[in-house]
>>> print(open('run-v3.cif').read())   # mmCIF, C-alpha atoms
data_my_file
loop_
_atom_site.label_atom_id
_atom_site.label_comp_id
_atom_site.auth_asym_id
_atom_site.auth_seq_id
_atom_site.Cartn_x
_atom_site.Cartn_y
_atom_site.Cartn_z
CA MET A 1 25.43 -12.23 -9.05
CA LEU A 2 24.93 -10.49 -12.42
CA ALA A 3 25.39 -13.76 -14.29
CA TRP A 4 22.79 -15.37 -12.03
CA TYR A 5 20.44 -12.45 -12.65
CA ASP A 6 20.84 -12.69 -16.42
CA ALA A 7 19.78 -16.32 -16.26
CA ASN A 8 17.08 -16.10 -13.59
CA LYS A 9 15.59 -12.60 -13.47
CA ARG A 10 11.87 -12.28 -12.98
CA THR A 11 9.73 -11.00 -15.83
CA LEU A 12 8.04 -7.86 -14.50
CA PRO A 13 6.10 -5.26 -16.52
CA TRP A 14 8.07 -2.28 -15.21
CA ARG A 15 11.29 -3.93 -16.37
CA ASP A 16 10.06 -4.03 -19.96
CA ASP A 17 10.19 -0.23 -20.16
CA PRO A 18 12.25 1.04 -17.20
CA SER A 19 11.51 4.73 -17.65
CA PRO A 20 11.86 6.82 -14.46
CA TYR A 21 8.09 7.24 -14.12
CA HIS A 22 7.47 3.50 -14.52
CA VAL A 23 10.18 2.52 -12.04
CA TRP A 24 9.02 5.14 -9.55
CA LEU A 25 5.38 4.05 -9.76
CA SER A 26 6.28 0.36 -9.41
CA GLU A 27 8.57 0.92 -6.42
CA ILE A 28 5.94 2.93 -4.56
CA MET A 29 3.27 0.31 -5.31
CA LEU A 30 5.57 -2.51 -4.17
CA GLN A 31 6.01 -1.00 -0.71
CA GLN A 32 4.04 -3.24 1.68
CA THR A 33 2.51 -5.12 -1.28
CA ARG A 34 3.28 -8.41 -3.07
CA VAL A 35 4.54 -8.32 -6.66
CA GLU A 36 1.65 -10.39 -8.01
CA ALA A 37 -0.89 -8.06 -6.43
CA VAL A 38 0.79 -5.02 -7.99
CA ARG A 39 0.77 -6.14 -11.64
CA GLU A 40 -2.91 -5.38 -12.29
CA TYR A 41 -2.84 -2.09 -10.38
CA TYR A 42 0.29 -0.98 -12.25
CA ALA A 43 -1.28 -1.62 -15.66
CA ARG A 44 -4.55 0.07 -14.69
CA PHE A 45 -2.83 3.11 -13.21
CA LEU A 46 -0.62 3.65 -16.27
CA ALA A 47 -3.57 3.22 -18.62
CA ALA A 48 -5.38 6.06 -16.84
CA LEU A 49 -2.37 8.25 -15.95
CA PRO A 50 0.41 7.37 -18.42
CA THR A 51 2.75 10.28 -17.63
CA VAL A 52 3.97 12.40 -14.76
CA GLU A 53 2.08 15.30 -16.28
CA ALA A 54 -1.18 13.33 -16.29
CA LEU A 55 -0.68 12.31 -12.66
CA ALA A 56 0.07 15.87 -11.59
CA ALA A 57 -3.17 17.08 -13.22
CA ALA A 58 -5.38 14.27 -11.87
CA ASP A 59 -8.20 14.91 -9.39
CA GLU A 60 -7.93 13.30 -5.97
CA ASP A 61 -10.91 11.00 -6.50
CA VAL A 62 -9.32 9.70 -9.71
CA TYR A 63 -5.96 8.62 -8.30
CA LEU A 64 -7.48 7.38 -5.04
CA LYS A 65 -9.90 5.18 -6.98
CA LEU A 66 -7.04 3.78 -9.08
CA TRP A 67 -5.25 2.94 -5.82
CA GLU A 68 -8.30 1.36 -4.19
CA GLY A 69 -7.35 -1.93 -2.53
CA LEU A 70 -3.58 -1.31 -2.39
CA GLY A 71 -3.81 0.36 1.03
CA TYR A 72 -1.41 2.84 2.63
CA TYR A 73 -3.05 5.65 0.68
CA SER A 74 -0.47 8.21 1.77
CA ARG A 75 1.73 6.58 -0.89
CA VAL A 76 -0.46 7.69 -3.77
CA ARG A 77 -1.04 11.10 -2.23
CA ASN A 78 2.72 11.58 -2.13
CA LEU A 79 2.98 10.33 -5.71
CA HIS A 80 0.57 13.05 -6.77
CA LYS A 81 2.35 15.69 -4.71
CA ALA A 82 5.74 14.69 -6.10
CA ALA A 83 4.38 14.73 -9.66
CA GLY A 84 3.38 18.34 -9.06
CA GLN A 85 6.89 19.08 -7.79
CA ILE A 86 8.41 17.52 -10.91
CA MET A 87 6.21 19.62 -13.18
CA THR A 88 6.73 22.92 -11.35
CA GLU A 89 10.27 22.59 -9.96
CA CYS A 90 12.05 20.15 -12.29
CA GLY A 91 10.80 21.16 -15.72
CA GLY A 92 8.70 18.02 -16.05
CA GLU A 93 11.73 15.70 -15.84
CA MET A 94 12.50 13.27 -13.01
CA PRO A 95 15.73 14.17 -11.16
CA ARG A 96 18.68 11.97 -12.16
CA THR A 97 20.45 11.44 -8.81
CA ALA A 98 19.39 9.79 -5.59
CA ALA A 99 20.16 12.96 -3.64
CA GLU A 100 17.85 15.05 -5.85
CA LEU A 101 15.14 12.39 -5.96
CA ARG A 102 14.96 12.39 -2.16
CA LYS A 103 13.73 15.98 -2.27
CA LEU A 104 10.45 14.76 -3.78
CA ALA A 105 7.46 13.89 -1.56
CA GLY A 106 7.32 10.25 -0.52
CA ILE A 107 10.72 9.27 -1.92
CA GLY A 108 13.05 7.93 0.73
CA PRO A 109 16.58 6.50 0.51
CA TYR A 110 15.53 3.13 -0.91
CA THR A 111 13.21 4.43 -3.64
CA ALA A 112 15.67 7.16 -4.62
CA ALA A 113 18.48 4.61 -4.95
CA ALA A 114 16.30 2.23 -6.96
CA ILE A 115 15.28 4.91 -9.48
CA ALA A 116 18.78 6.42 -9.73
CA SER A 117 20.48 3.06 -10.25
CA ILE A 118 17.93 1.40 -12.55
CA CYS A 119 17.27 4.45 -14.74
CA TYR A 120 20.58 6.31 -14.57
CA ASP A 121 23.08 3.63 -13.47
CA GLU A 122 24.07 5.53 -10.34
CA ARG A 123 26.31 3.39 -8.15
CA THR A 124 24.14 3.22 -5.04
CA PRO A 125 22.59 0.21 -3.30
CA ALA A 126 18.82 0.21 -2.84
CA VAL A 127 18.64 -1.27 0.64
CA ASP A 128 15.19 -2.74 1.24
CA GLY A 129 14.04 -5.74 3.24
CA ASN A 130 15.41 -8.17 0.68
CA LEU A 131 18.89 -6.63 0.67
CA LEU A 132 18.91 -6.41 4.47
CA ARG A 133 18.05 -10.10 4.77
CA VAL A 134 20.76 -11.12 2.29
CA PHE A 135 23.27 -8.89 4.12
CA ALA A 136 22.38 -10.35 7.53
CA ARG A 137 22.82 -13.93 6.35
CA MET A 138 25.94 -13.25 4.33
CA THR A 139 27.71 -11.57 7.25
CA GLY A 140 26.02 -13.20 10.25
CA TYR A 141 24.81 -9.78 11.39
CA ALA A 142 23.32 -10.39 14.85
CA GLU A 143 21.85 -6.98 15.70
CA ASN A 144 18.31 -5.72 15.08
CA ILE A 145 18.02 -5.62 11.29
CA LYS A 146 15.33 -2.93 11.39
CA ALA A 147 17.45 -0.42 13.30
CA ASP A 148 19.30 2.39 11.54
CA PRO A 149 22.79 0.99 12.30
CA ALA A 150 21.89 -2.16 10.34
CA LYS A 151 20.89 -0.13 7.29
CA ARG A 152 24.13 1.84 7.44
CA ALA A 153 26.17 -1.35 7.79
CA ALA A 154 24.35 -2.90 4.83
CA GLU A 155 25.03 0.16 2.66
CA VAL A 156 28.75 -0.03 3.47
CA TYR A 157 28.80 -3.78 2.73
CA TYR A 158 27.12 -3.41 -0.65
CA MET A 159 29.11 -0.35 -1.71
CA ASP A 160 32.28 -2.41 -1.23
CA ILE A 161 31.10 -5.03 -3.73
CA PHE A 162 28.97 -3.02 -6.16
CA PRO A 163 30.20 -3.01 -9.77
CA ALA A 164 31.15 0.16 -11.63
CA GLU A 165 28.47 -0.55 -14.26
CA ARG A 166 25.06 -2.27 -14.38
CA CYS A 167 24.29 -0.88 -10.92
CA GLY A 168 20.55 -1.05 -11.55
CA ASP A 169 20.84 -4.69 -12.56
CA MET A 170 22.85 -5.38 -9.41
CA ASN A 171 20.12 -3.91 -7.24
CA GLN A 172 17.44 -5.85 -9.10
CA ALA A 173 19.52 -9.04 -8.87
CA LEU A 174 19.70 -8.67 -5.10
CA MET A 175 15.96 -7.91 -4.92
CA ASP A 176 15.22 -11.07 -6.91
CA LEU A 177 17.64 -13.12 -4.80
CA GLY A 178 15.85 -12.04 -1.64
CA ALA A 179 12.40 -12.57 -3.12
CA THR A 180 12.96 -15.98 -4.72
CA VAL A 181 15.96 -17.66 -3.03
CA CYS A 182 17.03 -16.03 0.24
CA LEU A 183 13.47 -16.30 1.48
CA PRO A 184 11.96 -14.69 4.58
CA ASN A 185 10.14 -16.59 7.31
CA GLY A 186 11.55 -20.00 6.52
CA GLN A 187 14.34 -22.04 5.03
CA PRO A 188 16.07 -20.27 2.13
CA LEU A 189 16.87 -22.17 -1.08
CA CYS A 190 20.61 -22.16 -0.56
CA ASP A 191 21.26 -24.75 -3.28
CA GLN A 192 20.07 -22.14 -5.80
CA CYS A 193 22.07 -19.21 -4.40
CA PRO A 194 25.09 -17.94 -6.34
CA TRP A 195 26.61 -16.61 -3.11
CA ALA A 196 26.10 -19.69 -0.92
CA THR A 197 29.85 -20.40 -0.82
CA TYR A 198 30.49 -17.02 0.82
CA CYS A 199 27.52 -16.96 3.21
CA ALA A 200 28.27 -16.97 6.94
CA ALA A 201 24.80 -18.17 7.92
CA HIS A 202 24.95 -21.05 5.41
CA ALA A 203 28.44 -22.05 6.55
CA GLY A 204 27.19 -22.38 10.11
CA GLU A 205 23.85 -23.97 9.07
CA ARG A 206 22.09 -21.10 10.82
CA GLU A 207 20.19 -19.57 7.91
CA THR A 208 16.91 -19.25 9.80
CA ASP A 209 18.61 -17.47 12.73
CA TYR A 210 19.01 -14.40 10.54
CA PRO A 211 17.96 -11.68 10.23
CA VAL A 212 17.42 -10.77 13.87
CA ALA A 213 14.50 -8.46 14.55
CA ALA A 214 12.94 -6.98 17.66
CA ALA A 215 9.54 -8.34 18.65
CA LYS A 216 6.64 -6.45 17.11
CA PRO A 217 4.39 -4.57 19.53
CA GLN A 218 0.95 -6.08 19.97
CA ARG A 219 -1.72 -4.44 17.81
CA ARG A 220 -4.56 -2.57 19.49
CA VAL A 221 -7.98 -4.18 18.89
CA GLU A 222 -10.88 -1.82 18.16
CA GLN A 223 -14.53 -2.83 17.89
CA ARG A 224 -16.60 -1.12 15.18
CA THR A 225 -20.11 -1.47 13.80
CA VAL A 226 -20.58 -0.89 10.06
CA PHE A 227 -23.87 -0.02 8.34
CA LEU A 228 -25.09 -0.64 4.80
CA ILE A 229 -27.99 1.84 4.68
CA TYR A 230 -30.18 1.78 1.55
CA TYR A 231 -32.52 4.61 0.70
CA GLY A 232 -34.09 5.61 -2.62
CA GLN A 233 -32.10 2.97 -4.55
CA ARG A 234 -28.85 4.40 -3.24
CA ILE A 235 -26.49 3.56 -0.39
CA ALA A 236 -25.12 5.83 2.32
CA LEU A 237 -21.44 6.78 2.17
CA ARG A 238 -19.34 9.16 4.17
CA LYS A 239 -15.99 10.81 3.50
CA ARG A 240 -13.41 10.32 6.22
CA PRO A 241 -11.50 13.28 7.68
CA ASP A 242 -8.54 14.65 5.73
CA LYS A 243 -6.11 13.56 8.44
CA GLY A 244 -5.60 10.34 10.33
CA LEU A 245 -6.30 6.71 9.45
CA LEU A 246 -7.65 6.21 5.89
CA ALA A 247 -7.67 10.00 5.47
CA GLY A 248 -9.94 11.41 2.80
CA LEU A 249 -11.31 8.05 1.66
CA TYR A 250 -14.95 6.98 1.53
CA GLU A 251 -16.57 4.59 3.98
CA PHE A 252 -19.89 3.14 4.98
CA PRO A 253 -21.31 4.84 8.08
CA ASN A 254 -19.84 3.18 11.15
CA ALA A 255 -19.60 3.66 14.88
CA SER A 256 -17.23 2.65 17.65
CA GLY A 257 -18.11 -0.44 19.62
CA ARG A 258 -20.14 -3.57 18.98
CA LEU A 259 -23.69 -2.20 18.86
CA THR A 260 -26.74 -4.23 19.73
CA ARG A 261 -29.75 -4.15 17.41
CA GLU A 262 -31.40 -1.47 19.53
CA GLU A 263 -28.21 0.62 19.63
CA ALA A 264 -27.82 0.16 15.88
CA LEU A 265 -31.34 1.44 15.26
CA SER A 266 -30.64 4.45 17.46
CA TYR A 267 -27.47 5.22 15.50
CA VAL A 268 -29.31 4.96 12.18
CA GLU A 269 -31.98 7.32 13.51
CA SER A 270 -29.29 9.79 14.59
CA LEU A 271 -28.28 10.00 10.91
CA GLY A 272 -31.88 10.88 10.02
CA PHE A 273 -32.98 7.54 8.56
CA SER A 274 -36.20 5.71 9.41
CA ALA A 275 -35.51 2.00 9.18
CA VAL A 276 -38.19 -0.34 7.89
CA ARG A 277 -35.88 -3.36 7.97
CA ILE A 278 -32.62 -4.14 9.77
CA ARG A 279 -30.70 -7.38 9.84
CA PRO A 280 -27.22 -8.35 11.06
CA LEU A 281 -24.37 -9.05 8.64
CA ASP A 282 -21.47 -11.43 9.15
CA PRO A 283 -18.63 -10.14 11.32
CA ALA A 284 -15.36 -9.14 9.67
CA LYS A 285 -11.82 -8.27 10.68
CA HIS A 286 -9.20 -6.00 9.14
CA ILE A 287 -5.58 -5.74 10.25
CA PHE A 288 -3.70 -2.45 10.02
CA THR A 289 -0.04 -2.02 10.95
CA HIS A 290 -0.69 -1.06 14.56
CA ARG A 291 -4.35 -1.92 15.12
CA GLU A 292 -7.09 -4.38 14.25
CA TRP A 293 -10.71 -3.64 13.51
CA HIS A 294 -13.15 -6.31 14.66
CA MET A 295 -16.38 -5.37 12.93
CA THR A 296 -20.07 -6.09 13.33
CA GLY A 297 -22.35 -5.18 10.44
CA TYR A 298 -26.00 -4.30 9.83
CA GLU A 299 -28.01 -4.03 6.63
CA VAL A 300 -30.65 -1.30 6.86
CA LEU A 301 -33.49 -0.52 4.45
CA ALA A 302 -34.85 2.97 5.08
CA ASP A 303 -37.99 4.68 3.78
CA GLU A 304 -37.23 8.19 5.02
CA TRP A 305 -34.14 10.39 5.38
CA GLU A 306 -34.30 13.67 7.23
CA GLU A 307 -30.95 15.02 6.06
CA PHE A 308 -31.27 18.23 8.03
CA ARG A 309 -31.97 18.96 11.68
CA ASP A 310 -32.60 22.53 12.80
CA GLY A 311 -31.63 23.68 9.32
CA LYS A 312 -28.18 22.04 9.46
CA PRO A 313 -26.93 18.75 7.96
CA ARG A 314 -26.89 15.96 10.51
CA ASP A 315 -23.56 14.73 9.11
CA HIS A 316 -21.70 17.06 6.73
CA GLU A 317 -19.83 14.16 5.11
CA LEU A 318 -22.76 11.77 4.62
CA PHE A 319 -24.36 11.36 1.18
CA LEU A 320 -26.15 8.79 -0.96
CA ALA A 321 -24.40 7.07 -3.89
CA PRO A 322 -25.76 5.00 -6.79
CA ALA A 323 -24.28 1.62 -7.64
CA ALA A 324 -22.30 2.92 -10.63
CA ASP A 325 -20.42 5.44 -8.49
CA LEU A 326 -19.37 2.75 -6.03
CA ALA A 327 -17.59 0.95 -8.84
CA GLU A 328 -16.23 3.92 -10.74
CA THR A 329 -15.86 6.99 -8.53
CA TYR A 330 -15.55 6.52 -4.80
CA SER A 331 -12.48 4.87 -3.30
CA ILE A 332 -13.55 2.59 -0.45
CA PRO A 333 -10.60 1.08 1.47
CA SER A 334 -10.16 -2.67 1.76
CA ALA A 335 -10.94 -2.44 5.48
CA PHE A 336 -14.59 -2.46 4.38
CA ALA A 337 -14.17 -5.11 1.65
CA ALA A 338 -16.34 -7.70 3.41
CA TYR A 339 -19.23 -5.24 3.62
CA GLN A 340 -18.72 -3.91 0.12
CA ALA A 341 -19.04 -7.51 -1.08
CA ALA A 342 -22.32 -7.79 0.88
CA ILE A 343 -24.04 -4.91 -0.93
CA ARG A 344 -27.46 -5.83 -2.30
CA THR A 345 -27.51 -4.67 -5.93
CA ASP A 346 -31.26 -5.32 -6.06
CA TYR A 347 -31.68 -2.46 -3.57
CA LEU A 348 -29.77 -0.03 -5.81
CA GLY A 349 -30.74 1.77 -8.99
#
>>> encode(input="run-v3.cif", output="structure tokens")
Amino acid sequence: MLAWYDANKRTLPWRDDPSPYHVWLSEIMLQQTRVEAVREYYARFLAALPTVEALAAADEDVYLKLWEGLGYYSRVRNLHKAAGQIMTECGGEMPRTAAELRKLAGIGPYTAAAIASICYDERTPAVDGNLLRVFARMTGYAENIKADPAKRAAEVYYMDIFPAERCGDMNQALMDLGATVCLPNGQPLCDQCPWATYCAAHAGERETDYPVAAAKPQRRVEQRTVFLIYYGQRIALRKRPDKGLLAGLYEFPNASGRLTREEALSYVESLGFSAVRIRPLDPAKHIFTHREWHMTGYEVLADEWEEFRDGKPRDHELFLAPAADLAETYSIPSAFAAYQAAIRTDYLG
């Protein structure tokens, strides 16, 4: 496996300088995200926050904006929290063992093992989806691969064959094997696999039967109506609550349901705006892990905004933003990407 890795390893920016901070950042970014999508974010994030100390000192809007588009924003919030732990509890140095790394916010067994093995050569397998898939095919493991017993079985399997040295390279070799050869959702490239001779699934010509996984529950569909409201050469934004879906991020005003034009006008008026023009926007859809948003949109040009009613703000989180701040300051999640792309710059100052 190590010989195969030496000849075939992927060129990745975090492998050029595998410092603990770089490996940690890359592993968190790679959760739920493709490698090619991460490259640009990784470079941009490090350019702005090159050290653990810089991350720990960063304002929320800064690191959320750097993360914009990667999704699963709890990941970057935990990065920031863990950076603070490192600075205050660890003397500014990343812990050197998987057990100590797991005490940091957002670092689970896989990430801890990846950092400890790649940076400190700790002999511990980093069992992620790639390693689980390789394990299932190599052994013909027929149980649910996403259940805890499968992860424990995989750890035992890999510990039996892990080398005494180059443990980080072994983990990265297995990651690359799963990503480029022992492929998910289709026929693996067994003619390129250094372990094909020893693979139970390959021997039985049953590669696509493994891994076995339980059926995913059906996602809940939610209807929403999104508004691009322009007033005074600015656009209306709102900060989401600090807890729950897309917590603490910025969004365009939106309401539950698929609103008619009359209902949309009523909603806009409830925010204090007087609309002089309203027109529908193309529908859009965004898929979360457990739900889908099916969205209707409206573009609204307003000539008045009564921000207060009875001396109190109509919506404490609503404000108006100029075009420059949309690009540079406020992190708007990709759920609203279709409507962000529809913004009329000629309406903004």
>>> atom_distance(input="run-v3.cif", atom1="atom CA of Asn8 of chain A", atom2="atom CA of Arg206 of chain A")
25.4 Å
>>> resolve_selection(input="run-v3.cif", expression="the PyMOL selection byres ((chain A and resi 320) around 8)", output="MDAnalysis selection string")
chainID A and resid 231 234:237 318:319 321:322
>>> residues_near_point(input="run-v3.cif", point="(-33.1, -0.7, -2.9)", cutoff="9 Å", atoms="all atoms listed in the file", output="list in words")
Tyr230, Tyr231, Gly232, Gln233, Arg234, Ile235, Leu301, Ala302, Arg344, Thr345, Asp346, Tyr347, Leu348 and Gly349 of chain A
>>> closest_residue(input="run-v3.cif", among="A:Glu93, A:Glu27, A:Asp128, A:Glu143", to="Glu155 of chain A", atoms="only C-alpha atoms")
A:Asp128
>>> closest_residue(input="run-v3.cif", among="A:Val35, A:Leu271, A:Ile287, A:Ala7", to="Ala255 of chain A", atoms="only C-alpha atoms")
A:Leu271
>>> closest_residue(input="run-v3.cif", among="A:Asp315, A:Glu269, A:Glu222, A:Asp191", to="Thr296 of chain A", atoms="all atoms listed in the file")
A:Glu222
>>> decode(input="run-v3.cif", residues="segment 70-85 of chain A", atoms="N, CA and C atoms", output="PDB file, in the first residue's frame")
ATOM      1  N   LEU A  70     -19.272  26.737   1.844  1.00  0.00           N
ATOM      2  CA  LEU A  70     -18.867  25.386   2.230  1.00  0.00           C
ATOM      3  C   LEU A  70     -19.969  24.639   2.971  1.00  0.00           C
ATOM      4  N   GLY A  71     -20.894  25.385   3.597  1.00  0.00           N
ATOM      5  CA  GLY A  71     -21.992  24.755   4.314  1.00  0.00           C
ATOM      6  C   GLY A  71     -21.572  24.147   5.643  1.00  0.00           C
ATOM      7  N   TYR A  72     -22.547  23.582   6.359  1.00  0.00           N
ATOM      8  CA  TYR A  72     -22.297  22.979   7.674  1.00  0.00           C
ATOM      9  C   TYR A  72     -21.457  23.928   8.519  1.00  0.00           C
ATOM     10  N   TYR A  73     -22.015  25.096   8.795  1.00  0.00           N
ATOM     11  CA  TYR A  73     -21.257  26.170   9.428  1.00  0.00           C
ATOM     12  C   TYR A  73     -20.861  25.863  10.867  1.00  0.00           C
ATOM     13  N   SER A  74     -21.461  24.859  11.476  1.00  0.00           N
ATOM     14  CA  SER A  74     -21.012  24.482  12.819  1.00  0.00           C
ATOM     15  C   SER A  74     -19.558  24.041  12.789  1.00  0.00           C
ATOM     16  N   ARG A  75     -19.085  23.582  11.628  1.00  0.00           N
ATOM     17  CA  ARG A  75     -17.678  23.162  11.525  1.00  0.00           C
ATOM     18  C   ARG A  75     -16.741  24.326  11.796  1.00  0.00           C
ATOM     19  N   VAL A  76     -16.996  25.467  11.174  1.00  0.00           N
ATOM     20  CA  VAL A  76     -16.076  26.598  11.364  1.00  0.00           C
ATOM     21  C   VAL A  76     -16.278  27.232  12.734  1.00  0.00           C
ATOM     22  N   ARG A  77     -17.465  27.171  13.266  1.00  0.00           N
ATOM     23  CA  ARG A  77     -17.658  27.672  14.634  1.00  0.00           C
ATOM     24  C   ARG A  77     -16.851  26.831  15.629  1.00  0.00           C
ATOM     25  N   ASN A  78     -16.843  25.522  15.415  1.00  0.00           N
ATOM     26  CA  ASN A  78     -16.043  24.661  16.284  1.00  0.00           C
ATOM     27  C   ASN A  78     -14.548  24.866  16.056  1.00  0.00           C
ATOM     28  N   LEU A  79     -14.146  25.142  14.826  1.00  0.00           N
ATOM     29  CA  LEU A  79     -12.747  25.483  14.568  1.00  0.00           C
ATOM     30  C   LEU A  79     -12.329  26.685  15.418  1.00  0.00           C
ATOM     31  N   HIS A  80     -13.160  27.713  15.390  1.00  0.00           N
ATOM     32  CA  HIS A  80     -12.853  28.916  16.154  1.00  0.00           C
ATOM     33  C   HIS A  80     -12.828  28.621  17.655  1.00  0.00           C
ATOM     34  N   LYS A  81     -13.791  27.859  18.120  1.00  0.00           N
ATOM     35  CA  LYS A  81     -13.833  27.523  19.545  1.00  0.00           C
ATOM     36  C   LYS A  81     -12.608  26.712  19.953  1.00  0.00           C
ATOM     37  N   ALA A  82     -12.244  25.737  19.122  1.00  0.00           N
ATOM     38  CA  ALA A  82     -11.079  24.911  19.433  1.00  0.00           C
ATOM     39  C   ALA A  82      -9.792  25.722  19.382  1.00  0.00           C
ATOM     40  N   ALA A  83      -9.704  26.674  18.464  1.00  0.00           N
ATOM     41  CA  ALA A  83      -8.522  27.540  18.415  1.00  0.00           C
ATOM     42  C   ALA A  83      -8.373  28.308  19.723  1.00  0.00           C
ATOM     43  N   GLY A  84      -9.492  28.765  20.267  1.00  0.00           N
ATOM     44  CA  GLY A  84      -9.448  29.424  21.565  1.00  0.00           C
ATOM     45  C   GLY A  84      -8.982  28.485  22.659  1.00  0.00           C
ATOM     46  N   GLN A  85      -9.438  27.219  22.611  1.00  0.00           N
ATOM     47  CA  GLN A  85      -8.984  26.234  23.588  1.00  0.00           C
ATOM     48  C   GLN A  85      -7.470  26.021  23.489  1.00  0.00           C
TER      49      GLN A  85
END
